[in-house]
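upload-v6.csv (CSV, C-alpha atoms (C1' of nucleotides)) appears below.
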chain,number,residue,atom,x,y,z
A,495,MET,CA,0.0,0.0,0.0
A,496,ALA,CA,1.4,3.3,-1.1
A,497,TYR,CA,-1.0,5.8,0.3
A,498,GLU,CA,-2.0,6.7,3.8
A,499,LYS,CA,-5.5,7.9,3.2
A,500,THR,CA,-6.4,8.3,6.9
A,501,ALA,CA,-5.2,11.4,8.6
A,502,ARG,CA,-4.4,10.6,12.2
A,503,ILE,CA,-5.1,13.3,14.7
A,504,SER,CA,-1.9,12.6,16.5
A,505,ASP,CA,0.1,13.3,13.4
A,506,VAL,CA,-1.9,16.4,12.7
A,507,PHE,CA,-1.1,17.9,16.1
A,508,THR,CA,2.5,16.8,16.0
A,509,VAL,CA,3.1,18.3,12.6
A,510,LEU,CA,1.2,21.5,13.2
A,511,GLY,CA,3.1,21.8,16.5
A,512,ASP,CA,6.1,23.2,14.7
A,513,PRO,CA,5.9,27.0,14.3
A,514,THR,CA,7.6,27.0,10.9
A,515,ARG,CA,5.4,24.3,9.6
A,516,ARG,CA,2.3,26.1,10.8
A,517,GLN,CA,3.6,29.2,9.0
A,518,ILE,CA,4.0,27.3,5.8
A,519,PHE,CA,0.5,25.7,6.2
A,520,GLU,CA,-1.1,29.1,6.8
A,521,ARG,CA,0.6,30.7,3.8
A,522,LEU,CA,-0.9,27.9,1.7
A,523,GLY,CA,-4.2,29.3,2.9
A,524,ASP,CA,-3.5,32.1,0.4
A,525,GLY,CA,-3.7,29.6,-2.4
A,526,PRO,CA,-1.6,26.8,-4.0
A,527,GLN,CA,2.1,27.6,-4.4
A,528,SER,CA,5.4,26.2,-5.4
A,529,VAL,CA,8.1,25.2,-3.0
A,530,GLY,CA,10.5,28.0,-4.1
A,531,ASN,CA,7.8,30.6,-3.8
A,532,LEU,CA,7.0,29.5,-0.3
A,533,ALA,CA,10.7,29.6,0.6
A,534,LEU,CA,11.0,33.2,-0.6
A,535,ASN,CA,8.9,34.6,2.2
A,536,LEU,CA,10.2,32.4,4.9
A,537,PRO,CA,13.2,32.6,7.2
A,538,VAL,CA,14.4,29.1,6.3
A,539,SER,CA,16.1,27.5,3.3
A,540,ARG,CA,14.2,25.9,0.4
A,541,PRO,CA,15.2,22.3,1.4
A,542,ALA,CA,13.9,23.0,4.9
A,543,VAL,CA,10.6,24.0,3.4
A,544,SER,CA,10.6,20.9,1.3
A,545,GLN,CA,11.1,18.7,4.4
A,546,HIS,CA,8.3,20.5,6.2
A,547,LEU,CA,6.0,20.0,3.2
A,548,ARG,CA,6.8,16.3,3.3
A,549,ALA,CA,5.7,16.1,6.9
A,550,LEU,CA,2.5,18.1,6.1
A,551,LYS,CA,1.8,15.7,3.2
A,552,ASP,CA,2.3,12.6,5.3
A,553,ALA,CA,-0.2,14.0,7.9
A,554,GLY,CA,-2.8,14.5,5.2
A,555,LEU,CA,-2.6,18.3,5.5
A,556,VAL,CA,-1.5,19.1,2.0
A,557,THR,CA,-1.4,17.6,-1.5
A,558,ASP,CA,1.0,18.2,-4.3
A,559,ARG,CA,1.0,18.1,-8.1
A,560,ALA,CA,3.7,18.5,-10.7
A,561,GLU,CA,3.6,21.5,-13.0
A,562,GLY,CA,6.6,21.6,-15.3
A,563,THR,CA,9.7,21.5,-13.1
A,564,LYS,CA,7.7,23.1,-10.3
A,565,ARG,CA,5.7,21.3,-7.7
A,566,ILE,CA,2.6,22.9,-6.5
A,567,TYR,CA,1.3,22.3,-3.0
A,568,GLN,CA,-2.1,23.1,-1.7
A,569,ILE,CA,-4.2,22.4,1.4
A,570,ASP,CA,-5.8,19.1,1.8
A,571,PRO,CA,-9.2,19.1,3.7
A,572,HIS,CA,-8.5,15.6,5.1
A,573,GLY,CA,-6.1,16.8,7.8
A,574,LEU,CA,-8.2,19.7,8.8
A,575,GLY,CA,-11.2,17.4,8.8
A,576,ALA,CA,-9.5,15.1,11.3
A,577,LEU,CA,-8.7,18.0,13.5
A,578,ARG,CA,-12.2,19.3,13.3
A,579,GLY,CA,-13.6,15.9,14.2
A,580,TRP,CA,-11.3,15.5,17.2
A,581,LEU,CA,-12.2,19.0,18.4
A,582,ASP,CA,-15.9,18.6,17.9
A,583,ARG,CA,-16.0,15.3,19.8
A,584,PHE,CA,-13.8,16.7,22.6
A,585,TRP,CA,-16.0,19.8,22.7
A,586,VAL,CA,-19.3,18.1,23.1
A,587,ASP,CA,-17.8,15.7,25.7
A,588,GLN,CA,-16.7,18.6,27.8
A,589,LEU,CA,-19.9,20.6,27.5
A,590,ASP,CA,-21.3,18.6,30.4
A,591,ALA,CA,-18.5,19.7,32.6
A,592,PHE,CA,-18.2,23.4,32.0
A,593,LYS,CA,-21.7,24.2,30.7
A,594,ALA,CA,-22.1,27.8,31.6
A,595,GLU,CA,-18.5,28.6,31.7
A,596,VAL,CA,-18.2,28.2,27.9
A,597,GLU,CA,-20.4,31.1,27.3
A,598,LYS,CA,-18.3,33.5,29.3
A,599,PRO,CA,-16.8,35.7,26.6
A,600,ASP,CA,-13.0,35.4,26.6
A,601,GLN,CA,-11.2,33.5,23.9
A,602,ASP,CA,-8.4,34.8,21.8
A,603,SER,CA,-6.3,33.8,18.9
A,604,GLU,CA,-3.4,35.1,16.8
A,605,ALA,CA,-3.8,34.1,13.2
B,653,MET,CA,0.5,41.4,35.5
B,654,ALA,CA,0.4,37.9,36.8
B,655,TYR,CA,-2.1,36.2,34.5
B,656,GLU,CA,-2.1,35.6,30.8
B,657,LYS,CA,-5.8,35.5,30.1
B,658,THR,CA,-5.5,35.2,26.4
B,659,ALA,CA,-4.8,31.8,24.9
B,660,ARG,CA,-2.6,32.2,21.8
B,661,ILE,CA,-3.2,29.7,19.1
B,662,SER,CA,0.5,29.2,18.5
B,663,ASP,CA,1.0,28.2,22.1
B,664,VAL,CA,-2.0,25.8,22.0
B,665,PHE,CA,-0.6,24.0,19.0
B,666,THR,CA,2.9,23.9,20.3
B,667,VAL,CA,1.8,22.6,23.7
B,668,LEU,CA,-0.6,20.0,22.2
B,669,GLY,CA,2.1,19.0,19.7
B,670,ASP,CA,3.8,16.9,22.3
B,671,PRO,CA,2.3,13.3,22.5
B,672,THR,CA,2.7,12.9,26.2
B,673,ARG,CA,1.1,16.3,26.9
B,674,ARG,CA,-1.8,15.5,24.5
B,675,GLN,CA,-2.2,12.2,26.4
B,676,ILE,CA,-2.4,14.0,29.7
B,677,PHE,CA,-4.9,16.5,28.3
B,678,GLU,CA,-7.1,13.8,26.9
B,679,ARG,CA,-7.1,11.9,30.2
B,680,LEU,CA,-8.3,15.1,31.8
B,681,GLY,CA,-11.3,14.7,29.5
B,682,ASP,CA,-12.4,11.9,31.9
B,683,GLY,CA,-12.7,14.5,34.6
B,684,PRO,CA,-10.7,16.6,37.0
B,685,GLN,CA,-7.8,14.7,38.6
B,686,SER,CA,-4.8,15.1,40.8
B,687,VAL,CA,-1.2,15.1,39.5
B,688,GLY,CA,-0.3,11.8,41.2
B,689,ASN,CA,-3.4,10.1,39.8
B,690,LEU,CA,-2.5,11.2,36.3
B,691,ALA,CA,1.1,10.0,36.7
B,692,LEU,CA,-0.2,6.5,37.8
B,693,ASN,CA,-1.5,5.7,34.3
B,694,LEU,CA,1.3,7.3,32.4
B,695,PRO,CA,4.7,6.1,31.3
B,696,VAL,CA,6.5,9.1,32.8
B,697,SER,CA,7.4,10.2,36.3
B,698,ARG,CA,5.3,12.5,38.4
B,699,PRO,CA,7.6,15.5,38.0
B,700,ALA,CA,7.3,15.1,34.2
B,701,VAL,CA,3.5,15.2,34.5
B,702,SER,CA,3.8,18.3,36.7
B,703,GLN,CA,6.0,20.1,34.1
B,704,HIS,CA,3.6,19.2,31.3
B,705,LEU,CA,0.7,20.5,33.4
B,706,ARG,CA,2.5,23.8,33.8
B,707,ALA,CA,2.8,24.1,30.0
B,708,LEU,CA,-0.8,23.2,29.5
B,709,LYS,CA,-1.8,25.8,32.1
B,710,ASP,CA,0.3,28.5,30.5
B,711,ALA,CA,-1.4,27.8,27.2
B,712,GLY,CA,-4.8,28.2,28.8
B,713,LEU,CA,-5.7,24.6,28.3
B,714,VAL,CA,-6.1,23.6,32.0
B,715,THR,CA,-6.8,25.2,35.3
B,716,ASP,CA,-5.8,24.0,38.8
B,717,ARG,CA,-7.2,24.3,42.3
B,718,ALA,CA,-5.9,23.1,45.6
B,719,GLU,CA,-7.7,20.4,47.5
B,720,GLY,CA,-5.9,19.5,50.7
B,721,THR,CA,-2.4,18.6,49.8
B,722,LYS,CA,-3.5,17.5,46.4
B,723,ARG,CA,-3.8,19.7,43.4
B,724,ILE,CA,-6.7,19.1,41.0
B,725,TYR,CA,-6.3,19.9,37.4
B,726,GLN,CA,-9.2,20.2,34.9
B,727,ILE,CA,-9.7,21.3,31.3
B,728,ASP,CA,-10.0,25.0,30.6
B,729,PRO,CA,-12.3,25.9,27.8
B,730,HIS,CA,-10.2,28.9,26.8
B,731,GLY,CA,-7.5,27.0,25.0
B,732,LEU,CA,-10.0,24.8,23.2
B,733,GLY,CA,-11.9,28.0,22.3
B,734,ALA,CA,-8.8,29.5,20.7
B,735,LEU,CA,-8.2,26.3,18.7
B,736,ARG,CA,-11.8,26.2,17.6
B,737,GLY,CA,-11.7,29.8,16.5
B,738,TRP,CA,-8.6,29.3,14.5
B,739,LEU,CA,-10.0,26.2,12.9
B,740,ASP,CA,-13.4,27.7,12.1
B,741,ARG,CA,-11.8,30.8,10.5
B,742,PHE,CA,-9.4,28.6,8.5
B,743,TRP,CA,-12.2,26.3,7.5
B,744,VAL,CA,-14.4,29.0,6.1
B,745,ASP,CA,-11.6,30.7,4.3
B,746,GLN,CA,-10.7,27.4,2.5
B,747,LEU,CA,-14.3,26.6,1.6
B,748,ASP,CA,-14.0,28.6,-1.5
B,749,ALA,CA,-11.0,26.6,-2.6
B,750,PHE,CA,-12.1,23.0,-2.1
B,751,LYS,CA,-15.9,23.5,-2.1
B,752,ALA,CA,-17.1,20.1,-3.2
B,753,GLU,CA,-14.1,18.1,-2.0
B,754,VAL,CA,-15.0,18.8,1.6
B,755,GLU,CA,-18.2,16.8,1.3
B,756,LYS,CA,-16.4,13.7,0.0
B,757,PRO,CA,-16.6,11.4,3.0
B,758,ASP,CA,-13.2,10.5,4.3
B,759,GLN,CA,-11.9,11.9,7.5
B,760,ASP,CA,-10.4,9.9,10.3
B,761,SER,CA,-9.1,10.3,13.8
B,762,GLU,CA,-7.6,8.3,16.6
B,763,ALA,CA,-8.8,9.6,19.9
C,649,DT,C1',22.5,17.3,-26.1
C,650,DT,C1',23.7,20.6,-23.2
C,651,DT,C1',22.2,24.1,-20.0
C,652,DT,C1',18.9,26.0,-16.8
C,653,DT,C1',15.2,25.6,-13.3
C,654,DT,C1',13.1,23.5,-9.7
C,655,DC,C1',12.9,20.2,-6.6
C,656,DG,C1',13.8,15.9,-3.3
C,657,DT,C1',17.2,13.5,-0.4
C,658,DA,C1',21.3,12.4,2.5
C,659,DA,C1',24.6,13.7,5.9
C,660,DG,C1',25.8,16.1,9.6
C,661,DC,C1',25.6,19.8,13.1
C,662,DC,C1',23.4,21.8,16.8
C,663,DA,C1',19.7,23.7,19.7
C,664,DT,C1',15.4,22.6,21.8
C,665,DG,C1',13.0,20.3,25.2
C,666,DA,C1',11.5,16.0,27.5
C,667,DC,C1',12.9,13.2,31.2
C,668,DT,C1',14.8,11.6,35.9
C,669,DA,C1',16.7,12.2,40.4
C,670,DA,C1',17.2,15.0,44.3
C,671,DC,C1',15.5,18.7,47.0
C,672,DA,C1',12.2,22.0,49.2
C,673,DG,C1',7.7,23.4,50.6
C,674,DT,C1',2.8,23.1,52.3
C,675,DA,C1',-1.2,20.9,54.3
C,676,DA,C1',-3.2,17.3,57.0
C,677,DG,C1',-2.9,13.8,60.5
C,678,DT,C1',-1.0,11.8,64.9
D,964,DA,C1',6.3,19.0,67.1
D,965,DC,C1',6.8,15.2,64.2
D,966,DT,C1',5.5,12.5,60.5
D,967,DT,C1',3.1,11.6,56.2
D,968,DA,C1',1.1,12.8,51.7
D,969,DC,C1',1.3,15.4,47.7
D,970,DT,C1',3.2,18.5,44.8
D,971,DG,C1',6.5,22.2,42.5
D,972,DT,C1',11.3,23.3,41.2
D,973,DT,C1',16.1,22.8,39.9
D,974,DA,C1',20.1,20.7,37.8
D,975,DG,C1',21.8,18.0,34.6
D,976,DT,C1',21.6,14.3,31.0
D,977,DC,C1',20.2,12.7,26.6
D,978,DA,C1',17.4,12.0,22.5
D,979,DT,C1',14.5,14.2,19.1
D,980,DG,C1',14.2,16.8,15.2
D,981,DG,C1',14.9,21.2,12.6
D,982,DC,C1',18.3,23.4,9.8
D,983,DT,C1',22.1,24.0,6.2
D,984,DT,C1',25.1,22.4,2.7
D,985,DA,C1',26.1,19.4,-1.0
D,986,DC,C1',24.4,16.3,-4.3
D,987,DG,C1',21.4,13.9,-7.7
D,988,DA,C1',17.2,13.7,-10.6
D,989,DA,C1',13.6,15.3,-13.9
D,990,DA,C1',11.5,18.5,-16.9
D,991,DA,C1',11.7,22.5,-19.9
D,992,DA,C1',14.5,25.6,-22.7
D,993,DA,C1',18.4,26.6,-25.8
Turn the structure described in the file into C-alpha cells.
Amino acid sequence: MAYEKTARISDVFTVLGDPTRRQIFERLGDGPQSVGNLALNLPVSRPAVSQHLRALKDAGLVTDRAEGTKRIYQIDPHGLGALRGWLDRFWVDQLDAFKAEVEKPDQDSEA
Amino acid sequence: MAYEKTARISDVFTVLGDPTRRQIFERLGDGPQSVGNLALNLPVSRPAVSQHLRALKDAGLVTDRAEGTKRIYQIDPHGLGALRGWLDRFWVDQLDAFKAEVEKPDQDSEA
DNA sequence: TTTTTTCGTAAGCCATGACTAACAGTAAGT
DNA sequence: ACTTACTGTTAGTCATGGCTTACGAAAAAA
C-alpha cells in the first residue's frame, strides 16, 4: 500500500506543532504555491521548506501536483477534517463539565 | 500582571504538539484529577507530569485548584476555544477553494 | 545534447526540550 | 512538634528533530 489515506489526529497535532510548519501551512491558505515561492517569504532555506511539506503531506494536510519543473502544494481538507472531528468530539464531551463557563466571553487567537 | 488570560493559538498548537502532553490533556477529559493520579496511568514520572501540566496551564488549556495537599487539574475551555476559533476561520476561508471536496466522506481520527 | 530551473534527499551539526533524580515546601494527620 | 502525603522546582543528561550544505534527478529551454 502506497498511500496513507487516513489522517491521524496525533500526526496532525505533532506536525502542526512546529511553528515554521504552521507558518507554511497558513501561507498555503492564500492559495496553491510552489516550494520555491514559499521559501522566498520564509526565514528558512528551500530544502527546509521541502522537508516540512513532506511532513505536512504525510499528515494529510497538503497535497502536491507537478507543474513543469515546479511542484505545486495546496491544502488538503483531510487533515483539517481530522482536527475538526477531534475538536468537535472533545468539545461536546466537555460541554457537560463546564456548561455555563463556555459562554463567558473570553477567547483569543493570533492568526 | 500575573495572569495571561488570552490563549494564543501558537501556544495551543505547540503545547498540544507533544504526545505525552496530549495524552495528559485527553485523560483530563475523563474529569478533574490530581497530579499523582494522572502519573499513575502514564509512562513518565510525576515531575514530568507536573511540568507538562504547567505548560498546559500557561497555554490556557487547563486550570488548577488546591484540595488539601492535592492539586486538582481540569480542562479550561479557553484553550480549546482558541483552537476552535482558528480552525473555524481557516475552515471557512478554505471553503472557496475546495468546495465540493469537503463533502467527499473520508476523515479519520484516533482519539 | 547541453544548459537551466526547480525540486527531493542524504549527511551532519546543533539547539530545543522532555525526562529523571534530588531537594524544598505546604497541608493534614498523629 | 513530628511524620506523612502530595506537589512544584532545579540541575543535569540525553534523545529528538529542525536546519544547512552538498548532491542527484527530472523537466523545460536553448
Exercise. If you measure from atom C1' of D:DT976 to atom C1' of C:DA663, what distance in Å do you get, rounded to one decimal?
Worked result: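 Separating atom C1' of D:DT976 from atom C1' of C:DA663 is a distance of 14.8 Å.
Counting all atoms listed in the file, stretch 584-588 of chain A has the following residues at most 9 Å away, ignoring those fewer than 4 positions along the same chain: Gly579, Trp580, Phe592 and Lys593 of chain A; Glu678, Gly681, Asp682, Gly683, Ile727, Pro729 and Leu732 of chain B.
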For this session: Using only C-alpha atoms (C1' of nucleotides), determine which residues lie at most 10 Å from A:Arg578, disregarding the query and same-chain residues fewer than 2 positions distant; provide the list as a list in words.
Result: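 Using only C-alpha atoms (C1' of nucleotides), the neighbours found are Ile503, His572, Gly573, Leu574, Gly575, Ala576, Trp580, Leu581, Asp582, Arg583 and Phe584 of chain A; Leu735, Arg736, Leu739, Asp740, Trp743, Gln759 and Ser761 of chain B.
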For this session: Pull out every residue of chain D that has at least one atom within 12 Å of chain B, counting only C-alpha atoms (C1' of nucleotides), and report them as a ChimeraX atom specification.
Result: /D:967-973,979
For this session: To one decimal in Å, tell me the separation between atom C1' of D:DG980 and atom CA of A:Arg502.
Result: 19.8 Å
Exercise. What is the distance between atom C1' of C:DC667 and atom CA of B:Leu708, in Å to one decimal?
Worked result: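 Atom-to-atom, atom C1' of C:DC667 to atom CA of B:Leu708, that is 17.0 Å.
Take the candidates A:Leu510, A:Arg521, A:Tyr567, A:Ala501 and check each one against A:Leu547 using only C-alpha atoms; the shortest distance goes to A:Tyr567.
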Go through chain C and flag each residue having an atom no more than 8 Å from chain B; for those, report the closest pair of atoms plus their distance in Å to one decimal, using all atoms listed in the file, ordered by chain and rising number, as JSON lines.
{"residue": "C:DA666", "atom": "C1'", "partner": "B:Ala700", "partner_atom": "CA", "distance": 8.0}
{"residue": "C:DC667", "atom": "C1'", "partner": "B:Ala700", "partner_atom": "CA", "distance": 6.6}
{"residue": "C:DT668", "atom": "C1'", "partner": "B:Ser697", "partner_atom": "CA", "distance": 7.5}
{"residue": "C:DT674", "atom": "C1'", "partner": "B:Thr721", "partner_atom": "CA", "distance": 7.3}
{"residue": "C:DA675", "atom": "C1'", "partner": "B:Thr721", "partner_atom": "CA", "distance": 5.2}
{"residue": "C:DA676", "atom": "C1'", "partner": "B:Gly720", "partner_atom": "CA", "distance": 7.2}
Problem set entry | Which residue of B:Val701, B:Ala707, B:Ile676, B:Pro684 approaches chain A most closely, using all atoms listed in the file |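 Closest residue, counting all atoms listed in the file: B:Pro684.
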Exercise. Closest to chain B among A:Gly511, A:Lys551, A:Leu536, A:Asp505, using all atoms listed in the file?
Worked result: A:Gly511
Exercise. Near D:DA974, counting all atoms listed in the file, which residues have an atom at most 12 Å away, once you skip same-chain residues fewer than 4 positions from it, shown as a ChimeraX atom specification?
Worked result: /C:668-671
Problem set entry | Test item: residues at most 9 Å from stretch 987-992 of chain D, all atoms listed in the file, excluding those fewer than 5 positions along its chain, as a list of chain:residue names | A:Gly562, A:Thr563, A:Lys564, C:DT651, C:DT652, C:DT653, C:DT654, C:DC655, C:DG656, C:DT657
How about saving the chosen residues, C-alpha atoms (C1' of nucleotides) kept, as a CSV table (one decimal), keeping the file's coordinate frame?
chain,number,residue,atom,x,y,z
A,562,GLY,CA,6.6,21.6,-15.3
A,563,THR,CA,9.7,21.5,-13.1
A,564,LYS,CA,7.7,23.1,-10.3
C,651,DT,C1',22.2,24.1,-20.0
C,652,DT,C1',18.9,26.0,-16.8
C,653,DT,C1',15.2,25.6,-13.3
C,654,DT,C1',13.1,23.5,-9.7
C,655,DC,C1',12.9,20.2,-6.6
C,656,DG,C1',13.8,15.9,-3.3
C,657,DT,C1',17.2,13.5,-0.4
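When only C-alpha atoms are used to compute distances to chain B, the closest of the residues A:Ala533, A:Ala553, A:Val509, A:Ile566 turns out to be A:Val509.
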